[in-house]
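**Student:** Please find one structure pasted underneath; my questions will follow.
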Amino acid sequence: MNGPEIPFVFAPELHVFLSSAHTVAGTPVLTDGSSTLGHVVESLGVPLTEVGRLVVNGAEVPVSRVPRAGESVEVSAVERPQRIPGAPLRFLLDVHLGTLARRLRLLGVDAAYTNEDPGDPALAALSAQEQRVLLSRDRGLLRRREIWAGAFLYSDQPDEQLQDVLGRFAPTLAPWTRCTACNGRLTDADKESVRERLEHGTQRTYDVFAQCTACGRVYWRGAHHSRLEAIVEKALRDSAT
C-alpha cells in the first residue's frame with residue numbers, strides 16, 4: 001500500500017548520491033507509510049553516514065521517525081569537523097584504500113588496513129568491535145547496520161581523500177610516529193641494534209633510524225623522504241587553518 005508523498009530537500013553536498021530528479025528542492029518522494037526517514041533516505045542512495053540533521057516541518061527529528069502526510073523533510077550533510085563520541089578517533093579502511101592508509105599512518109593517525117579483502121561483514125564487525133570509523137567508497141558497505149561509524153570518500157585520488165578525511169574529522173597529527181606498513185608505533189633505534197636489517201649502502205650513508213615496535217621494520221631518511229615530508233608539511237599547514 002502506498003503512503004503519502006513527502007517533499008524532500010537535500011543539501012547540495014548529498015546530490016552526488018541522488019538521481020537528478022531528487023536534486024531539485026521539494027521533489028516529492030512516495031513513501032509506504034511505515035518506513036522510517038532513515039530507510040527512505042538510504043533507498044534514495046544516500047548513506048546515513050553522510051547525513052547530519054533531519055528536519056521535519058522545522059523541527060529536528062531522529063532517523064527512526066516515520067514521515068506523515070503534510071510534512072516536508074530537509075536533509076543536511078554531516079557537520080565538519082565531525083565529532084565521533086565514545087572512543088579515541090581511529091580508522092578502518094577497506095581494501096581499496098592502501099595509499100590513504102599509509103598516508104594517515106605517516107601523519108601518526110591510527111589507521112587499520114589489510115591488503116587482503118576480509119569481506120564486508122568482517123569489516124563491519126571489526127569497525128564495531130574496535131570502535132573504528134570505517135572509510136570506504138562502497139555505499140553498500142557503509143549501509144551495514146553493525147558498523148560503529150563510517151564515512152564515504154568522495155574522491156578516488158589519494159591526495160583528495162587525505163584532505164577529505166583530515167578536513168572532516170580533524171584528527172590529531174603526530175607525523176613520523178607510526179609504521180606505514182603495519183600501523184605500529186615507532187621508536188628511536190640505535191644503529192648497532194638494527195645493523196643486521198640494513199643493506200651495506202644504507203649502513204654507510206645513514207646514522208639516524210627508527211624501528212617499529214610491532215613488526216620490527218626499520219626507517220631512515222632515504223631517497224623518498226623529501227616527497228613524504230611534503231605530504232606531512234601540507235597536512236600540518238591545512239590542519240592549522
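So you can find residues: chains in the C-alpha cells are A, B, ... in the order shown, residues in each start at 1, and ligands are numbered from 1 in order.
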Neighbours of region 98-106 of chain A within 10 Å (only C-alpha atoms; same-chain residues fewer than 3 positions away dropped), as a PyMOL selection string?

**Tutor:** chain A and resi 91-95+109-115+135+157-162+165-166+171+173-185+228-229+231-232+235

**Student:** Would you mind listing what lies within 8 Å of Asp164 (chain A) as a ChimeraX atom specification, with only C-alpha atoms counted and same-chain residues fewer than 4 positions away left out?

**Tutor:** /A:153-154,160,168

**Student:** Identify, with DSSP run on backbone atoms, the residues in region 10-49 of chain A assigned to helix (DSSP H, G or I), and express the list as a list in words.

**Tutor:** Pro12, Glu13, Leu14, His15, Val16, Phe17, Ser20, Ala21, His22, Thr23, Leu37, Gly38, His39, Val40, Val41, Glu42, Ser43, Leu48 and Thr49 of chain A

**Student:** Could you please determine the separation between CA of Ser35 (chain A) and CA of Leu141 (chain A) in Å, to one decimal place?

**Tutor:**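 According to the coordinates, CA of Ser35 (chain A) and CA of Leu141 (chain A) are separated by 20.9 Å.
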
**Student:** Select from region 66-155 of chain A every residue with an atom at most 12 Å from any atom of region 10-34 of chain A, then for each give the shortest pair of atoms and their distance in Å to one decimal, using only C-alpha atoms, rows by chain and rising number, as a Markdown table.

**Tutor:**
```
| residue | atom | partner | partner_atom | distance |
| --- | --- | --- | --- | --- |
| A:Val66 | CA | A:Ser34 | CA | 6.2 |
| A:Pro67 | CA | A:Gly33 | CA | 7.2 |
| A:Arg68 | CA | A:Gly33 | CA | 7.1 |
| A:Ala69 | CA | A:Gly33 | CA | 8.8 |
| A:Gly70 | CA | A:Pro28 | CA | 11.2 |
| A:Glu71 | CA | A:Pro28 | CA | 10.6 |
| A:Ser72 | CA | A:Gly26 | CA | 7.9 |
| A:Val73 | CA | A:Phe10 | CA | 8.5 |
| A:Glu74 | CA | A:Phe10 | CA | 6.0 |
| A:Val75 | CA | A:Phe10 | CA | 4.8 |
| A:Ser76 | CA | A:Ala11 | CA | 5.0 |
| A:Ala77 | CA | A:Ala11 | CA | 6.1 |
| A:Val78 | CA | A:Glu13 | CA | 9.3 |
| A:Glu79 | CA | A:Glu13 | CA | 11.0 |
| A:Arg137 | CA | A:Phe17 | CA | 11.6 |
| A:Asp138 | CA | A:Phe17 | CA | 11.7 |
| A:Arg139 | CA | A:Phe17 | CA | 9.3 |
| A:Phe152 | CA | A:Phe17 | CA | 10.6 |
| A:Leu153 | CA | A:Val16 | CA | 11.6 |
| A:Tyr154 | CA | A:Val16 | CA | 8.7 |
| A:Ser155 | CA | A:Val16 | CA | 11.3 |
```

**Student:** DSSP on the backbone: what in region 17-239 of chain A comes out strand (DSSP E or B), as a PyMOL selection string?

**Tutor:** chain A and resi 27-30+51-56+59-61+73-77+91-93+111-112+133-136+149-152+178+185-189+209-212+218-219

**Student:** In terms of the shortest atom-to-atom distance over only C-alpha atoms, which of A:Gly167, A:Leu97, A:Val9, A:Ser239 is closest to Asp117 (chain A)?

**Tutor:**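 When distances to Asp117 (chain A) are compared using only C-alpha atoms, the smallest one comes from A:Leu97.
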
**Student:** Which residue out of A:Phe169, A:Ala87, A:Trp220, A:Lys191 has the minimum interatomic distance to Trp148 (chain A) when only C-alpha atoms are used?

**Tutor:**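 The closest residue to Trp148 (chain A) is A:Ala87.
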
**Student:** Which residue is closest to Val46 (chain A)? Choose from A:Leu142, A:Ala210, A:Val218, A:Leu89 and count only C-alpha atoms.

**Tutor:** A:Leu142

**Student:** Select, from A:Ile84, A:Arg143, A:Arg132, A:Glu233, the residue with the minimum atom-to-atom distance to Gly38 (chain A), counting only C-alpha atoms.

**Tutor:** A:Arg143

**Student:** Using only C-alpha atoms, pick whichever of A:Leu123, A:Gln131, A:Ser136, A:Val63 has the shortest atom-to-atom distance to His96 (chain A).

**Tutor:**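 Using only C-alpha atoms, the shortest distance to His96 (chain A) belongs to A:Ser136.
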